[in-house]
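S.K.: Okay, so here is run_25.pdb, and as you'll see once you scroll down, it has PDB, C-alpha atoms, pLDDT in the B column.
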ATOM      1  CA  MET A   1     -33.450  20.167 -22.404  1.00 51.00           C
ATOM      2  CA  ALA A   2     -34.383  20.027 -18.730  1.00 51.00           C
ATOM      3  CA  MET A   3     -35.436  16.392 -19.125  1.00 48.00           C
ATOM      4  CA  GLN A   4     -32.195  15.606 -20.970  1.00 50.00           C
ATOM      5  CA  GLY A   5     -30.164  17.214 -18.205  1.00 51.00           C
ATOM      6  CA  ALA A   6     -31.997  15.274 -15.538  1.00 40.00           C
ATOM      7  CA  VAL A   7     -31.482  11.985 -17.373  1.00 35.00           C
ATOM      8  CA  LEU A   8     -27.792  12.770 -17.886  1.00 36.00           C
ATOM      9  CA  SER A   9     -27.361  13.589 -14.198  1.00 44.00           C
ATOM     10  CA  LEU A  10     -29.052  10.351 -13.218  1.00 37.00           C
ATOM     11  CA  LEU A  11     -26.899   8.305 -15.580  1.00 35.00           C
ATOM     12  CA  ALA A  12     -23.765  10.043 -14.377  1.00 39.00           C
ATOM     13  CA  ALA A  13     -24.720   9.271 -10.776  1.00 41.00           C
ATOM     14  CA  CYS A  14     -25.231   5.621 -11.670  1.00 35.00           C
ATOM     15  CA  VAL A  15     -21.852   5.473 -13.406  1.00 37.00           C
ATOM     16  CA  ALA A  16     -20.175   7.129 -10.422  1.00 41.00           C
ATOM     17  CA  ARG A  17     -21.795   4.677  -8.044  1.00 44.00           C
ATOM     18  CA  ALA A  18     -20.726   1.728 -10.192  1.00 42.00           C
ATOM     19  CA  ALA A  19     -17.191   3.104 -10.342  1.00 44.00           C
ATOM     20  CA  LYS A  20     -17.116   3.437  -6.557  1.00 50.00           C
ATOM     21  CA  GLU A  21     -18.347  -0.122  -6.090  1.00 53.00           C
ATOM     22  CA  SER A  22     -15.711  -1.428  -8.506  1.00 73.00           C
ATOM     23  CA  VAL A  23     -12.830  -0.283  -6.291  1.00 90.00           C
ATOM     24  CA  LEU A  24     -14.018  -2.229  -3.254  1.00 92.00           C
ATOM     25  CA  ASN A  25     -12.594  -5.578  -4.337  1.00 96.00           C
ATOM     26  CA  MET A  26      -9.763  -5.223  -6.825  1.00 97.00           C
ATOM     27  CA  CYS A  27      -6.084  -5.799  -7.464  1.00 97.00           C
ATOM     28  CA  MET A  28      -3.788  -3.101  -8.767  1.00 95.00           C
ATOM     29  CA  ASP A  29      -1.972  -3.507 -12.069  1.00 95.00           C
ATOM     30  CA  ALA A  30       1.503  -4.163 -10.681  1.00 92.00           C
ATOM     31  CA  LYS A  31       4.400  -6.576 -10.972  1.00 91.00           C
ATOM     32  CA  HIS A  32       3.220  -9.574  -8.930  1.00 94.00           C
ATOM     33  CA  HIS A  33      -0.491  -8.957  -8.397  1.00 96.00           C
ATOM     34  CA  LYS A  34      -3.202 -11.288  -9.615  1.00 97.00           C
ATOM     35  CA  THR A  35      -5.694  -9.897 -12.126  1.00 96.00           C
ATOM     36  CA  GLN A  36      -8.618 -10.518  -9.781  1.00 96.00           C
ATOM     37  CA  PRO A  37      -8.731 -11.210  -6.032  1.00 97.00           C
ATOM     38  CA  GLY A  38      -9.816 -14.602  -4.777  1.00 97.00           C
ATOM     39  CA  PRO A  39      -9.173 -17.272  -2.114  1.00 97.00           C
ATOM     40  CA  GLU A  40      -5.564 -18.386  -1.582  1.00 96.00           C
ATOM     41  CA  GLY A  41      -5.624 -21.060   1.092  1.00 91.00           C
ATOM     42  CA  ALA A  42      -1.861 -21.680   1.045  1.00 94.00           C
ATOM     43  CA  LEU A  43      -0.653 -18.158   1.871  1.00 96.00           C
ATOM     44  CA  TYR A  44       2.454 -18.167   4.032  1.00 97.00           C
ATOM     45  CA  GLY A  45       3.305 -16.588   7.378  1.00 97.00           C
ATOM     46  CA  GLN A  46       2.075 -13.069   8.012  1.00 97.00           C
ATOM     47  CA  CYS A  47       0.339 -12.940   4.631  1.00 97.00           C
ATOM     48  CA  VAL A  48      -2.138 -15.603   5.800  1.00 97.00           C
ATOM     49  CA  LEU A  49      -4.424 -12.792   6.990  1.00 96.00           C
ATOM     50  CA  TRP A  50      -5.617 -12.419   3.391  1.00 97.00           C
ATOM     51  CA  LYS A  51      -6.108 -16.104   2.552  1.00 96.00           C
ATOM     52  CA  ASP A  52      -9.896 -15.762   2.134  1.00 95.00           C
ATOM     53  CA  ASN A  53      -9.556 -13.083  -0.528  1.00 96.00           C
ATOM     54  CA  ALA A  54      -6.137 -12.140  -1.834  1.00 97.00           C
ATOM     55  CA  CYS A  55      -4.393 -10.375  -4.687  1.00 97.00           C
ATOM     56  CA  CYS A  56      -1.196 -12.371  -4.075  1.00 97.00           C
ATOM     57  CA  THR A  57      -0.273 -15.979  -4.799  1.00 97.00           C
ATOM     58  CA  ALA A  58       1.232 -18.443  -2.343  1.00 97.00           C
ATOM     59  CA  ASN A  59       4.665 -18.040  -3.979  1.00 96.00           C
ATOM     60  CA  THR A  60       4.507 -14.270  -3.576  1.00 97.00           C
ATOM     61  CA  SER A  61       3.601 -14.646   0.103  1.00 97.00           C
ATOM     62  CA  VAL A  62       6.634 -16.883   0.705  1.00 97.00           C
ATOM     63  CA  GLU A  63       8.975 -14.446  -1.026  1.00 96.00           C
ATOM     64  CA  ALA A  64       7.554 -11.549   1.021  1.00 96.00           C
ATOM     65  CA  HIS A  65       9.271 -13.074   4.054  1.00 96.00           C
ATOM     66  CA  GLN A  66      12.761 -13.348   2.519  1.00 93.00           C
ATOM     67  CA  ASP A  67      15.538 -10.899   3.402  1.00 89.00           C
ATOM     68  CA  GLN A  68      16.200 -10.561  -0.294  1.00 86.00           C
ATOM     69  CA  SER A  69      13.565 -12.083  -2.555  1.00 86.00           C
ATOM     70  CA  TYR A  70      13.005 -12.304  -6.286  1.00 87.00           C
ATOM     71  CA  LEU A  71      10.018  -9.961  -5.925  1.00 92.00           C
ATOM     72  CA  TYR A  72      12.129  -6.808  -6.237  1.00 93.00           C
ATOM     73  CA  ASN A  73      15.684  -7.930  -5.352  1.00 94.00           C
ATOM     74  CA  PHE A  74      15.432  -5.553  -2.403  1.00 95.00           C
ATOM     75  CA  ASN A  75      17.678  -6.198   0.585  1.00 94.00           C
ATOM     76  CA  TRP A  76      16.368  -5.149   4.012  1.00 96.00           C
ATOM     77  CA  ASN A  77      19.901  -5.621   5.392  1.00 96.00           C
ATOM     78  CA  HIS A  78      21.589  -2.906   3.333  1.00 96.00           C
ATOM     79  CA  CYS A  79      23.110  -1.343   6.484  1.00 97.00           C
ATOM     80  CA  GLY A  80      23.582  -4.478   8.553  1.00 96.00           C
ATOM     81  CA  VAL A  81      21.083  -7.050   9.766  1.00 97.00           C
ATOM     82  CA  MET A  82      17.618  -5.582  10.371  1.00 97.00           C
ATOM     83  CA  PRO A  83      16.254  -6.595  13.822  1.00 97.00           C
ATOM     84  CA  ASP A  84      13.491  -9.190  13.641  1.00 97.00           C
ATOM     85  CA  LYS A  85      10.957  -7.003  15.481  1.00 98.00           C
ATOM     86  CA  CYS A  86      11.462  -4.347  12.810  1.00 98.00           C
ATOM     87  CA  LYS A  87      11.449  -6.798   9.934  1.00 97.00           C
ATOM     88  CA  GLN A  88       8.016  -8.092  10.974  1.00 97.00           C
ATOM     89  CA  HIS A  89       6.533  -4.690  10.113  1.00 98.00           C
ATOM     90  CA  PHE A  90       8.146  -4.645   6.678  1.00 97.00           C
ATOM     91  CA  ILE A  91       6.813  -8.128   6.012  1.00 97.00           C
ATOM     92  CA  LEU A  92       3.314  -6.976   6.996  1.00 97.00           C
ATOM     93  CA  ASP A  93       3.768  -3.907   4.799  1.00 97.00           C
ATOM     94  CA  THR A  94       4.716  -6.170   1.877  1.00 97.00           C
ATOM     95  CA  CYS A  95       1.818  -8.549   2.551  1.00 97.00           C
ATOM     96  CA  LEU A  96      -0.665  -5.665   2.673  1.00 98.00           C
ATOM     97  CA  TYR A  97       0.661  -4.229  -0.583  1.00 97.00           C
ATOM     98  CA  GLU A  98       0.805  -7.532  -2.449  1.00 97.00           C
ATOM     99  CA  CYS A  99      -2.255  -9.289  -1.013  1.00 97.00           C
ATOM    100  CA  SER A 100      -4.927  -6.781  -0.006  1.00 98.00           C
ATOM    101  CA  PRO A 101      -7.967  -6.386  -2.312  1.00 97.00           C
ATOM    102  CA  ASN A 102      -9.108  -3.385  -0.253  1.00 97.00           C
ATOM    103  CA  LEU A 103      -6.766  -0.665  -1.503  1.00 97.00           C
ATOM    104  CA  GLY A 104      -8.838   0.348  -4.535  1.00 96.00           C
ATOM    105  CA  PRO A 105      -9.792   3.851  -3.342  1.00 96.00           C
ATOM    106  CA  TRP A 106      -6.110   4.783  -3.207  1.00 97.00           C
ATOM    107  CA  ILE A 107      -4.848   3.191  -6.426  1.00 96.00           C
ATOM    108  CA  ASP A 108      -3.203   5.715  -8.716  1.00 95.00           C
ATOM    109  CA  GLN A 109      -1.226   5.643 -11.937  1.00 92.00           C
ATOM    110  CA  ALA A 110       2.486   4.816 -11.616  1.00 89.00           C
ATOM    111  CA  ASP A 111       5.420   6.002 -13.687  1.00 79.00           C
ATOM    112  CA  ASN A 112       7.546   2.889 -13.180  1.00 80.00           C
ATOM    113  CA  SER A 113       8.583   0.405 -15.848  1.00 77.00           C
ATOM    114  CA  TRP A 114       7.607  -2.501 -13.571  1.00 79.00           C
ATOM    115  CA  ARG A 115       4.083  -1.449 -12.642  1.00 87.00           C
ATOM    116  CA  ARG A 116       1.273   0.601 -14.117  1.00 91.00           C
ATOM    117  CA  GLU A 117      -0.458   1.359 -10.828  1.00 95.00           C
ATOM    118  CA  ARG A 118       0.530   2.085  -7.239  1.00 96.00           C
ATOM    119  CA  ILE A 119      -1.123   3.120  -3.978  1.00 97.00           C
ATOM    120  CA  ARG A 120      -0.994   6.678  -2.698  1.00 97.00           C
ATOM    121  CA  ASN A 121      -2.006   8.214   0.669  1.00 98.00           C
ATOM    122  CA  VAL A 122      -3.519   5.055   2.150  1.00 98.00           C
ATOM    123  CA  PRO A 123      -4.716   6.223   5.611  1.00 98.00           C
ATOM    124  CA  LEU A 124      -2.733   4.047   8.001  1.00 98.00           C
ATOM    125  CA  CYS A 125      -4.013   3.503  11.540  1.00 98.00           C
ATOM    126  CA  LYS A 126      -2.141   5.395  14.247  1.00 98.00           C
ATOM    127  CA  GLU A 127      -1.127   2.209  16.087  1.00 98.00           C
ATOM    128  CA  ASP A 128       0.221   0.516  12.952  1.00 98.00           C
ATOM    129  CA  CYS A 129       2.414   3.469  12.052  1.00 98.00           C
ATOM    130  CA  GLU A 130       3.657   4.188  15.567  1.00 98.00           C
ATOM    131  CA  LEU A 131       4.440   0.550  16.393  1.00 98.00           C
ATOM    132  CA  TRP A 132       6.330   0.282  13.088  1.00 98.00           C
ATOM    133  CA  TRP A 133       8.419   3.308  14.067  1.00 98.00           C
ATOM    134  CA  GLU A 134       8.956   2.175  17.664  1.00 98.00           C
ATOM    135  CA  ASP A 135      10.151  -1.293  16.650  1.00 98.00           C
ATOM    136  CA  CYS A 136      12.419   0.063  13.920  1.00 98.00           C
ATOM    137  CA  GLN A 137      13.882   3.181  15.531  1.00 97.00           C
ATOM    138  CA  ASP A 138      17.186   1.411  16.303  1.00 96.00           C
ATOM    139  CA  ALA A 139      17.429  -0.344  12.927  1.00 98.00           C
ATOM    140  CA  ILE A 140      19.911   1.150  10.454  1.00 98.00           C
ATOM    141  CA  THR A 141      19.396   2.623   6.991  1.00 98.00           C
ATOM    142  CA  CYS A 142      20.984   5.219   4.745  1.00 98.00           C
ATOM    143  CA  LYS A 143      17.917   6.601   2.918  1.00 97.00           C
ATOM    144  CA  GLU A 144      14.489   7.961   3.798  1.00 97.00           C
ATOM    145  CA  ASN A 145      12.977   7.153   0.386  1.00 98.00           C
ATOM    146  CA  TRP A 146      13.368   3.470  -0.439  1.00 97.00           C
ATOM    147  CA  HIS A 147      11.591   3.680  -3.777  1.00 95.00           C
ATOM    148  CA  LYS A 148      14.442   5.303  -5.676  1.00 94.00           C
ATOM    149  CA  GLY A 149      18.022   6.505  -5.627  1.00 96.00           C
ATOM    150  CA  TRP A 150      19.778   3.219  -4.760  1.00 97.00           C
ATOM    151  CA  ASN A 151      22.956   1.869  -6.298  1.00 97.00           C
ATOM    152  CA  TRP A 152      21.776  -1.222  -8.235  1.00 97.00           C
ATOM    153  CA  THR A 153      25.090  -2.093  -9.947  1.00 96.00           C
ATOM    154  CA  THR A 154      25.306  -5.440  -8.102  1.00 94.00           C
ATOM    155  CA  GLY A 155      21.716  -6.374  -8.901  1.00 94.00           C
ATOM    156  CA  THR A 156      20.431  -5.489  -5.440  1.00 95.00           C
ATOM    157  CA  ASN A 157      20.061  -2.199  -3.601  1.00 96.00           C
ATOM    158  CA  GLN A 158      23.162  -0.692  -2.036  1.00 97.00           C
ATOM    159  CA  CYS A 159      23.575   2.672  -0.380  1.00 98.00           C
ATOM    160  CA  PRO A 160      24.585   5.373  -2.884  1.00 97.00           C
ATOM    161  CA  ARG A 161      28.039   6.896  -2.549  1.00 95.00           C
ATOM    162  CA  GLY A 162      28.110   9.555   0.147  1.00 95.00           C
ATOM    163  CA  PHE A 163      25.054   8.223   2.013  1.00 97.00           C
ATOM    164  CA  MET A 164      25.807   7.287   5.617  1.00 98.00           C
ATOM    165  CA  CYS A 165      24.103   4.474   7.536  1.00 98.00           C
ATOM    166  CA  GLN A 166      22.177   5.879  10.507  1.00 98.00           C
ATOM    167  CA  PRO A 167      19.530   4.724  12.982  1.00 98.00           C
ATOM    168  CA  PHE A 168      15.959   4.964  11.729  1.00 98.00           C
ATOM    169  CA  LYS A 169      15.185   7.486  14.487  1.00 97.00           C
ATOM    170  CA  SER A 170      17.692   9.874  12.891  1.00 98.00           C
ATOM    171  CA  VAL A 171      16.457   9.325   9.337  1.00 98.00           C
ATOM    172  CA  PHE A 172      12.792   9.289  10.414  1.00 98.00           C
ATOM    173  CA  PRO A 173      12.474  11.535  13.520  1.00 98.00           C
ATOM    174  CA  GLN A 174       8.717  10.952  13.864  1.00 98.00           C
ATOM    175  CA  PRO A 175       6.385   8.029  13.027  1.00 98.00           C
ATOM    176  CA  ALA A 176       4.776  10.045  10.230  1.00 98.00           C
ATOM    177  CA  ASP A 177       8.192  10.510   8.593  1.00 98.00           C
ATOM    178  CA  LEU A 178       8.667   6.747   8.350  1.00 98.00           C
ATOM    179  CA  CYS A 179       5.176   5.854   7.172  1.00 98.00           C
ATOM    180  CA  GLU A 180       4.820   8.641   4.635  1.00 98.00           C
ATOM    181  CA  LYS A 181       8.327   9.049   3.238  1.00 98.00           C
ATOM    182  CA  ILE A 182       9.759   5.540   2.989  1.00 98.00           C
ATOM    183  CA  TRP A 183       7.509   4.515   0.062  1.00 97.00           C
ATOM    184  CA  THR A 184       6.911   7.969  -1.488  1.00 96.00           C
ATOM    185  CA  ASN A 185       3.567   8.741   0.177  1.00 97.00           C
ATOM    186  CA  SER A 186       2.089   5.301  -0.338  1.00 97.00           C
ATOM    187  CA  TYR A 187       0.792   5.689   3.220  1.00 98.00           C
ATOM    188  CA  LYS A 188      -0.636   8.630   5.112  1.00 98.00           C
ATOM    189  CA  TYR A 189      -0.194   8.928   8.873  1.00 98.00           C
ATOM    190  CA  THR A 190      -3.515   9.390  10.677  1.00 98.00           C
ATOM    191  CA  THR A 191      -4.711   9.789  14.248  1.00 98.00           C
ATOM    192  CA  GLU A 192      -7.501   7.290  13.552  1.00 98.00           C
ATOM    193  CA  HIS A 193      -7.411   4.121  15.622  1.00 97.00           C
ATOM    194  CA  ARG A 194      -7.721   0.455  14.732  1.00 97.00           C
ATOM    195  CA  GLY A 195     -11.351  -0.587  14.636  1.00 95.00           C
ATOM    196  CA  SER A 196     -12.568   2.929  13.827  1.00 97.00           C
ATOM    197  CA  GLY A 197     -13.497   2.056  10.250  1.00 96.00           C
ATOM    198  CA  ARG A 198     -11.507   5.107   9.110  1.00 97.00           C
ATOM    199  CA  CYS A 199      -8.004   3.687   8.684  1.00 98.00           C
ATOM    200  CA  ILE A 200      -6.287   0.720   7.065  1.00 98.00           C
ATOM    201  CA  GLN A 201      -4.772  -1.884   9.377  1.00 98.00           C
ATOM    202  CA  MET A 202      -1.589  -3.736   8.465  1.00 96.00           C
ATOM    203  CA  TRP A 203      -2.473  -6.396  11.003  1.00 93.00           C
ATOM    204  CA  PHE A 204      -5.843  -7.774  12.096  1.00 95.00           C
ATOM    205  CA  ASP A 205      -7.291 -10.954  13.556  1.00 94.00           C
ATOM    206  CA  PRO A 206      -8.796 -12.839  10.594  1.00 91.00           C
ATOM    207  CA  ALA A 207     -11.106 -14.692  12.998  1.00 91.00           C
ATOM    208  CA  ASN A 208     -12.967 -11.391  13.374  1.00 93.00           C
ATOM    209  CA  GLY A 209     -13.046 -10.656   9.643  1.00 93.00           C
ATOM    210  CA  ASN A 210     -11.091  -8.138   7.590  1.00 96.00           C
ATOM    211  CA  PRO A 211     -11.721  -4.608   8.957  1.00 97.00           C
ATOM    212  CA  ASN A 212     -10.227  -3.011   5.840  1.00 97.00           C
ATOM    213  CA  VAL A 213     -13.298  -3.991   3.815  1.00 97.00           C
ATOM    214  CA  ALA A 214     -15.383  -1.413   5.699  1.00 97.00           C
ATOM    215  CA  VAL A 215     -12.612   1.196   5.485  1.00 97.00           C
ATOM    216  CA  ALA A 216     -12.396   0.908   1.692  1.00 97.00           C
ATOM    217  CA  LYS A 217     -16.183   1.206   1.463  1.00 96.00           C
ATOM    218  CA  TYR A 218     -16.194   4.327   3.640  1.00 96.00           C
ATOM    219  CA  TYR A 219     -13.579   6.139   1.555  1.00 96.00           C
ATOM    220  CA  ALA A 220     -15.051   5.003  -1.766  1.00 95.00           C
ATOM    221  CA  GLN A 221     -18.444   6.397  -0.768  1.00 92.00           C
ATOM    222  CA  ASN A 222     -17.135   9.632   0.715  1.00 87.00           C
ATOM    223  CA  GLY A 223     -14.362  10.287  -1.769  1.00 68.00           C
ATOM    224  CA  ALA A 224     -11.986  11.637   0.853  1.00 52.00           C
ATOM    225  CA  ASP A 225      -8.342  11.060  -0.140  1.00 52.00           C
ATOM    226  CA  ALA A 226      -9.550   8.639  -2.802  1.00 49.00           C
ATOM    227  CA  SER A 227      -7.718   7.872  -6.000  1.00 51.00           C
ATOM    228  CA  PRO A 228      -8.345  10.105  -9.034  1.00 50.00           C
ATOM    229  CA  VAL A 229      -8.600   6.954 -11.138  1.00 50.00           C
ATOM    230  CA  LEU A 230     -12.196   6.446 -10.022  1.00 50.00           C
ATOM    231  CA  TRP A 231     -13.231   9.916 -11.169  1.00 46.00           C
ATOM    232  CA  ALA A 232     -11.250   9.594 -14.389  1.00 49.00           C
ATOM    233  CA  VAL A 233     -13.422   6.587 -15.263  1.00 48.00           C
ATOM    234  CA  VAL A 234     -16.543   8.653 -14.721  1.00 47.00           C
ATOM    235  CA  LEU A 235     -15.263  11.516 -16.881  1.00 48.00           C
ATOM    236  CA  LEU A 236     -14.287   9.140 -19.684  1.00 53.00           C
ATOM    237  CA  LEU A 237     -17.758   7.645 -19.759  1.00 49.00           C
ATOM    238  CA  LEU A 238     -19.697  10.914 -19.688  1.00 50.00           C
ATOM    239  CA  PRO A 239     -19.315  11.631 -23.448  1.00 57.00           C
ATOM    240  CA  SER A 240     -20.746   8.188 -24.190  1.00 53.00           C
ATOM    241  CA  LEU A 241     -23.710   8.944 -21.973  1.00 44.00           C
ATOM    242  CA  GLN A 242     -24.302  12.247 -23.738  1.00 51.00           C
ATOM    243  CA  SER A 243     -24.273  10.565 -27.155  1.00 54.00           C
ATOM    244  CA  LEU A 244     -27.118   8.331 -26.045  1.00 51.00           C
ATOM    245  CA  LEU A 245     -29.425  11.260 -25.365  1.00 55.00           C
TER     246      LEU A 245
END
Take the structure in the file and give it back as structure tokens.

M.R.:
Amino acid sequence: MAMQGAVLSLLAACVARAAKESVLNMCMDAKHHKTQPGPEGALYGQCVLWKDNACCTANTSVEAHQDQSYLYNFNWNHCGVMPDKCKQHFILDTCLYECSPNLGPWIDQADNSWRRERIRNVPLCKEDCELWWEDCQDAITCKENWHKGWNWTTGTNQCPRGFMCQPFKSVFPQPADLCEKIWTNSYKYTTEHRGSGRCIQMWFDPANGNPNVAVAKYYAQNGADASPVLWAVVLLLLPSLQSLL
């Protein structure tokens, strides 16, 4: 029995390690994502950061820059025209979500009709979150959660009845409020800095490589704030391992 237990522990460790490695280069099961990441030399605009290895197509990258695209029929200008300096952050946010193959440790199951998986609690670098908030504080919106609760009767998002348009700095008093609440905890505000290897960057210089590769590896290996999907895979495979002994 002792030998059987040791073998089972070893096999389980191997399965866990394989599961961890599998999340380091993957695309989530969502509306516009590719099945597998790979080179996309024609990515557009701010999405070009991921051209060497992307989960998005060129068409998706073009649409990510539109005020109202076919991707989700979402209108940034629901309370008037969003300032360009603010819009740049939302484009980067969209590019990261659609294109990055380095979000595996934070992929979780989704309860939406249009996607089976989503990201949750991605540790966002302090600078990325705070610059997003600073550049958007004077933009106008009527909701703190942009995932749900809109009036879609016209086919695009409109403010629900009774919701008043206000500056971002009133809706999101602190940077963490913006980064964590706007997409239902897709991101997590951190005090980690760009280049630390402990937080995901929305923007980076591709000439120096993609720093998010190392961040995904760190969290996959350490398990901190990682997606439960990885461990669910391990638990599902354990009975099969036991049957082999």

S.K.: In Å, rounded to a single decimal, give me how far atom CA of A:Trp106 is from atom CA of A:Ile200.

M.R.: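 Between atom CA of A:Ile200 and atom CA of A:Trp106 the gap works out to 11.0 Å.
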
S.K.: Find the residue from A:Cys99, A:Ala214, A:Cys179, A:Val171 that sits nearest to A:Asp52; use all atoms listed in the file when measuring.

M.R.: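 Ranking A:Cys99, A:Ala214, A:Cys179, A:Val171 by distance to A:Asp52, first place goes to A:Cys99.
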
S.K.: Evaluating the PyMOL selection byres ((chain A and resi 188) around 6) on the displayed file yields which residues, as a list in words?

M.R.: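 Applying the expression gives Asn121, Val122, Pro123, Leu124, Glu180, Tyr187 and Tyr189 of chain A.
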
S.K.: Rank nothing, just name the residue among A:Pro83, A:Pro211, A:Gly149, A:Pro39 nearest to A:Asn53, using only C-alpha atoms.

M.R.: A:Pro39

S.K.: Could you pull the residues within 10 Å of A:Cys142, counting all atoms listed in the file, minus those fewer than 4 positions along the same chain, as a PyMOL selection string?

M.R.: chain A and resi 78-79+146+150+158-160+162-168+170-171

S.K.: Can you list, as an NGL selection string, the residues that the PyMOL selection byres ((chain A and resi 26) around 9) selects here?

M.R.: :A and (22-25 or 27-28 or 35-37 or 55 or 100-104)

S.K.: Can you tell me how far atom CA of A:Arg198 sits from atom CA of A:Lys31, in Å to one decimal?

M.R.: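 Atom CA of A:Arg198 sits 28.2 Å away from atom CA of A:Lys31.
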
S.K.: Name the closest residue to A:Lys126 among the candidates A:Met82, A:Thr190, A:Thr153, A:Ala176; distances are taken between atoms, counting all atoms listed in the file.

M.R.: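 Distance minimum relative to A:Lys126 lands on A:Thr190.
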
S.K.: My structure is short of atoms at stretch 46-59 of chain A; please model N, CA and C atoms there, returning them as a PDB file, in the coordinates of the input.

M.R.:
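Dumped everything to part38.pdb:
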ATOM      1  N   GLN A  46       2.881 -14.237   7.676  1.00 97.00           N
ATOM      2  CA  GLN A  46       2.075 -13.069   8.012  1.00 97.00           C
ATOM      3  C   GLN A  46       1.064 -12.713   6.917  1.00 97.00           C
ATOM      4  N   CYS A  47       1.274 -13.217   5.727  1.00 97.00           N
ATOM      5  CA  CYS A  47       0.339 -12.940   4.631  1.00 97.00           C
ATOM      6  C   CYS A  47      -0.942 -13.765   4.736  1.00 97.00           C
ATOM      7  N   VAL A  48      -0.978 -14.705   5.679  1.00 97.00           N
ATOM      8  CA  VAL A  48      -2.138 -15.603   5.800  1.00 97.00           C
ATOM      9  C   VAL A  48      -3.404 -14.829   6.157  1.00 97.00           C
ATOM     10  N   LEU A  49      -3.264 -13.623   6.656  1.00 96.00           N
ATOM     11  CA  LEU A  49      -4.424 -12.792   6.990  1.00 96.00           C
ATOM     12  C   LEU A  49      -5.365 -12.627   5.807  1.00 96.00           C
ATOM     13  N   TRP A  50      -4.816 -12.686   4.596  1.00 97.00           N
ATOM     14  CA  TRP A  50      -5.617 -12.419   3.391  1.00 97.00           C
ATOM     15  C   TRP A  50      -5.998 -13.695   2.640  1.00 97.00           C
ATOM     16  N   LYS A  51      -5.896 -14.844   3.270  1.00 96.00           N
ATOM     17  CA  LYS A  51      -6.108 -16.104   2.552  1.00 96.00           C
ATOM     18  C   LYS A  51      -7.519 -16.243   1.980  1.00 96.00           C
ATOM     19  N   ASP A  52      -8.516 -15.631   2.610  1.00 95.00           N
ATOM     20  CA  ASP A  52      -9.896 -15.762   2.134  1.00 95.00           C
ATOM     21  C   ASP A  52     -10.153 -14.970   0.855  1.00 95.00           C
ATOM     22  N   ASN A  53      -9.377 -13.916   0.659  1.00 96.00           N
ATOM     23  CA  ASN A  53      -9.556 -13.083  -0.528  1.00 96.00           C
ATOM     24  C   ASN A  53      -8.282 -12.285  -0.741  1.00 96.00           C
ATOM     25  N   ALA A  54      -7.477 -12.707  -1.700  1.00 97.00           N
ATOM     26  CA  ALA A  54      -6.137 -12.140  -1.834  1.00 97.00           C
ATOM     27  C   ALA A  54      -5.804 -11.758  -3.275  1.00 97.00           C
ATOM     28  N   CYS A  55      -4.928 -10.768  -3.380  1.00 97.00           N
ATOM     29  CA  CYS A  55      -4.393 -10.375  -4.687  1.00 97.00           C
ATOM     30  C   CYS A  55      -3.010 -10.975  -4.921  1.00 97.00           C
ATOM     31  N   CYS A  56      -2.509 -11.745  -3.948  1.00 97.00           N
ATOM     32  CA  CYS A  56      -1.196 -12.371  -4.075  1.00 97.00           C
ATOM     33  C   CYS A  56      -1.336 -13.883  -4.193  1.00 97.00           C
ATOM     34  N   THR A  57      -0.323 -14.519  -4.724  1.00 97.00           N
ATOM     35  CA  THR A  57      -0.273 -15.979  -4.799  1.00 97.00           C
ATOM     36  C   THR A  57       0.516 -16.514  -3.610  1.00 97.00           C
ATOM     37  N   ALA A  58       0.478 -17.818  -3.417  1.00 97.00           N
ATOM     38  CA  ALA A  58       1.232 -18.443  -2.343  1.00 97.00           C
ATOM     39  C   ALA A  58       2.734 -18.185  -2.507  1.00 97.00           C
ATOM     40  N   ASN A  59       3.239 -18.277  -3.733  1.00 96.00           N
ATOM     41  CA  ASN A  59       4.665 -18.040  -3.979  1.00 96.00           C
ATOM     42  C   ASN A  59       5.069 -16.619  -3.590  1.00 96.00           C
TER      43      ASN A  59
END
